[in-house]
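Q: This is the structure I want to talk about, given as structure tokens.
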Amino acid sequence: MESESESGAAADTPPLETLSFHGDEEIIEVVELDPGPPDPADDLAQEMEDVDFEEEEEEEGNEEDWVLEPQEGVVGSMEGPDDSEVTFALHSASVFCVSLDPKTNTLAVTGGEDDKAFVWRLSDGELLFECAGHKDSVTCAGFSHDSTLVATGDMSGLLKVWQVDTKEEVWSFEAGDLEWMEWHPRAPVLLAGTADGNTWMWKVPNGDCKTFQGPNCPATCGRVLPDGKRAVVGYEDGTIRIWDLKQGSPIHVLKGTEGHQGPLTCVATNQDGSLILTGSVDCQAKLVSATTGKVVGVFRPETVASQPSLGEGEESESNSVESLGFCSVMPLAAVGYLDGTLAIYDLATQTLRHQCQHQSGIVQLLWEAGTAVVYTCSLDGIVRLWDARTGRLLTDYRGHTAEILDFALSKDASLVVTTSGDHKAKVFCVQRPDR
């Protein structure tokens, strides 16, 4: 494991009283502090100083503040209208990732193949600052829970964190080749998975570090559970581990028939963290109890199952689970496949409720909070909105001239922000007659 001194900011920080070592692994425990009023927040979050655990207030009426800028024309060959309101065009290559600041939903951070990341304003595309210093494609970017910090990570494993208000870099670290990165839901703690199988956890900006050693293969996806005490991590060998973030040990390990028969591609949790959904190149989505670590359901696409001419190897190569998620208001789950199938499953009966076909592969899906509407973005450059109750396509948004590679949805579902292989990020204003 790399020494803490390799972190730029951490090198000048005296070790905390809580620093302890176990074997060859460096373990930093963080002392618990009284958070004040009772809160189901996890021990980790309670241990972090200067963190306000008050629930974020929903920002309402924000859509009135948006200044819709006229388009100056988009370079590309796609015929048809550009439905976007704002285009951010400072990237010079494919834009791989986007995240919105969770507090106000007024800022975006994007990262791309040009080794650059930018923080910019959604209302008019105005650049706030560049997250400079990366030497490889920026594939991960995101804001902390309180929007005060923004993190960017590139493929080589260089992670950087900036303070948003001062636009200054406050922390950096070089880990192994980066697979995924995510902020803790209620503390200034950053987690990342790397190709060596490790999951890393840092307290930012002082750099206190803990590692969770997985199998000798990439930690391909991960998600912190809503309680903040645990994280679920999927690996290239098909195994799944649910980690205790405080103890640094796995609570549950799913492997063999309980795990997947191929690398994991995505993982999601429901709102209360009781259920986990995992997806893999084996075309299966597995429903797992976060409490028992047992598989309680397996979903397979009917499009694959109904193709007897395909062998197992061909089946895996021709299709895979690319994205998945839980509906917050109905017992439904959505699974998006590389072959363009959006499957809506009923969790109570574990049956397929609707199957919605796209013209090309699904890259990502997101559920709208408080409704049964699921958003998809796909390789044909189109964002689509689906009513999961009926399986009906509500509307779509066009404007990109290449595949959409990532997208984000504002809390009030008034904006969709997309990134694409056409070197652009776009802001779409969502207007639905059914709202």
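Residues in the structure tokens are numbered from 1 in each chain, the chains being A, B, ... in the order shown, and ligands are numbered from 1 in the order shown.
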Report as a count of residues only all protein, DNA and RNA residues lying within 9 Å of Leu393 in chain A, evaluated on only C-alpha atoms, omitting residues in the same chain fewer than 4 positions from it.
A: 5
Q: Write out as an MDAnalysis selection string which residues come within 8 Å of range 191-206 of chain A when counting only C-alpha atoms, dropping same-chain ones fewer than 5 positions away.
A: chainID A and resid 9:10 13 157 161 170:171 175:184 211:222 235
Q: Excluding Ala117 in chain A and any residue of its chain fewer than 5 positions from it, enumerate the residues within 10 Å of it, using only C-alpha atoms, and give them as a ChimeraX atom specification.
A: /A:90-91,95-98,109-112,129-134,137-141,151-154
Q: Run DSSP on the backbone and give me the residues of range 185-339 of chain A it puts in strand (DSSP E or B), as a ChimeraX atom specification.
A: /A:189-194,198-203,209-213,219-224,230-235,240-244,249-254,264-269,275-280,285-289,295-299,321-326,332-337
Q: Please list as a PyMOL selection string every residue within 12 Å of Phe299 in chain A, counting only C-alpha atoms and excluding residues in the same chain fewer than 6 positions away.
A: chain A and resi 260+277-280+282-288+305+321+324+333-337+343-347+349-353
Q: Excluding Gly361 in chain A and its own-chain neighbours fewer than 2 positions away, which residues fall within 12 Å of it when counting only C-alpha atoms? Please give them as a PDB file with C-alpha atoms, in the first residue's frame.
A:
```
ATOM      1  CA  SER A 318     -23.462  -9.671 -26.915  1.00  0.00           C
ATOM      2  CA  ASN A 319     -25.160  -8.221 -23.869  1.00  0.00           C
ATOM      3  CA  SER A 320     -24.549  -7.073 -20.302  1.00  0.00           C
ATOM      4  CA  VAL A 321     -26.176  -5.140 -17.494  1.00  0.00           C
ATOM      5  CA  GLU A 322     -24.983  -1.527 -17.793  1.00  0.00           C
ATOM      6  CA  SER A 323     -27.033   0.316 -15.166  1.00  0.00           C
ATOM      7  CA  GLY A 336     -30.638  -1.288 -18.463  1.00  0.00           C
ATOM      8  CA  TYR A 337     -28.835  -3.593 -20.895  1.00  0.00           C
ATOM      9  CA  LEU A 338     -26.220  -3.104 -23.573  1.00  0.00           C
ATOM     10  CA  ASP A 339     -28.624  -4.483 -26.198  1.00  0.00           C
ATOM     11  CA  GLY A 340     -30.946  -1.513 -25.591  1.00  0.00           C
ATOM     12  CA  THR A 341     -33.476  -3.240 -23.347  1.00  0.00           C
ATOM     13  CA  LEU A 342     -34.897  -1.378 -20.357  1.00  0.00           C
ATOM     14  CA  CYS A 356     -38.868  -0.950 -23.194  1.00  0.00           C
ATOM     15  CA  GLN A 357     -36.660  -1.194 -26.242  1.00  0.00           C
ATOM     16  CA  HIS A 358     -34.078   1.375 -27.312  1.00  0.00           C
ATOM     17  CA  GLN A 359     -32.495   1.637 -30.735  1.00  0.00           C
ATOM     18  CA  VAL A 363     -25.406   3.615 -20.943  1.00  0.00           C
ATOM     19  CA  GLN A 364     -27.072   4.678 -17.722  1.00  0.00           C
ATOM     20  CA  LEU A 365     -30.475   5.010 -16.069  1.00  0.00           C
ATOM     21  CA  THR A 376     -32.229   6.563 -19.735  1.00  0.00           C
ATOM     22  CA  CYS A 377     -29.335   7.748 -21.857  1.00  0.00           C
ATOM     23  CA  SER A 378     -28.009   5.647 -24.683  1.00  0.00           C
ATOM     24  CA  LEU A 379     -25.419   5.207 -27.387  1.00  0.00           C
ATOM     25  CA  ASP A 380     -27.693   6.916 -29.941  1.00  0.00           C
ATOM     26  CA  GLY A 381     -27.209  10.233 -28.107  1.00  0.00           C
ATOM     27  CA  ILE A 382     -30.793  10.505 -26.854  1.00  0.00           C
ATOM     28  CA  GLU A 403     -23.139   8.697 -27.829  1.00  0.00           C
ATOM     29  CA  ILE A 404     -24.076   9.937 -24.357  1.00  0.00           C
ATOM     30  CA  LEU A 405     -21.502   8.667 -21.861  1.00  0.00           C
TER      31      LEU A 405
END
```
Q: Within 8 Å of Asn270 in chain A, counting only C-alpha atoms, which residues show up once you throw out same-chain ones fewer than 6 positions away? Write them as a ChimeraX atom specification, please.
A: /A:276,325-328
Q: Output N, CA and C atoms for every residue in that selection, as a JSON list (two decimals), in the first residue's frame.
A:
```
[["chain", "number", "residue", "atom", "x", "y", "z"],
["A", 276, "ILE", "N", -29.91, -4.40, -2.07],
["A", 276, "ILE", "CA", -28.84, -4.06, -3.00],
["A", 276, "ILE", "C", -29.14, -4.75, -4.32],
["A", 325, "GLY", "N", -31.30, 0.49, -10.92],
["A", 325, "GLY", "CA", -31.70, 1.35, -9.82],
["A", 325, "GLY", "C", -33.09, 1.02, -9.32],
["A", 326, "PHE", "N", -33.39, 1.54, -8.11],
["A", 326, "PHE", "CA", -34.67, 1.30, -7.45],
["A", 326, "PHE", "C", -35.57, 2.53, -7.56],
["A", 327, "CYS", "N", -36.86, 2.29, -7.77],
["A", 327, "CYS", "CA", -37.86, 3.34, -7.69],
["A", 327, "CYS", "C", -38.09, 3.68, -6.21],
["A", 328, "SER", "N", -38.27, 4.98, -5.91],
["A", 328, "SER", "CA", -38.41, 5.39, -4.50],
["A", 328, "SER", "C", -39.86, 5.37, -4.02]]
```
Q: Contacts of Arg389 in chain A at 10 Å or less, counting only C-alpha atoms, minus same-chain residues fewer than 4 places along, as a PyMOL selection string?
A: chain A and resi 330+332+344+353-354+371-373
Q: Output C-alpha atoms of each residue in that selection to a file, as a PDB file, in the first residue's frame.
A:
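Generated file (again.pdb):
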```
ATOM      1  CA  MET A 330     -43.145   1.847  -5.826  1.00  0.00           C
ATOM      2  CA  LEU A 332     -39.976  -1.474  -8.817  1.00  0.00           C
ATOM      3  CA  ILE A 344     -38.872  -2.851 -15.270  1.00  0.00           C
ATOM      4  CA  ARG A 353     -43.466  -5.783 -15.581  1.00  0.00           C
ATOM      5  CA  HIS A 354     -42.409  -3.911 -18.714  1.00  0.00           C
ATOM      6  CA  THR A 371     -42.142   9.395  -9.015  1.00  0.00           C
ATOM      7  CA  ALA A 372     -42.226   6.233 -11.104  1.00  0.00           C
ATOM      8  CA  VAL A 373     -40.396   7.893 -13.999  1.00  0.00           C
TER       9      VAL A 373
END
```
Q: Please determine, counting only C-alpha atoms, which residue among A:Leu254, A:Asp83, A:Asn105, A:Thr419 has the shortest atom-to-atom distance to Thr395 in chain A.
A: A:Asp83
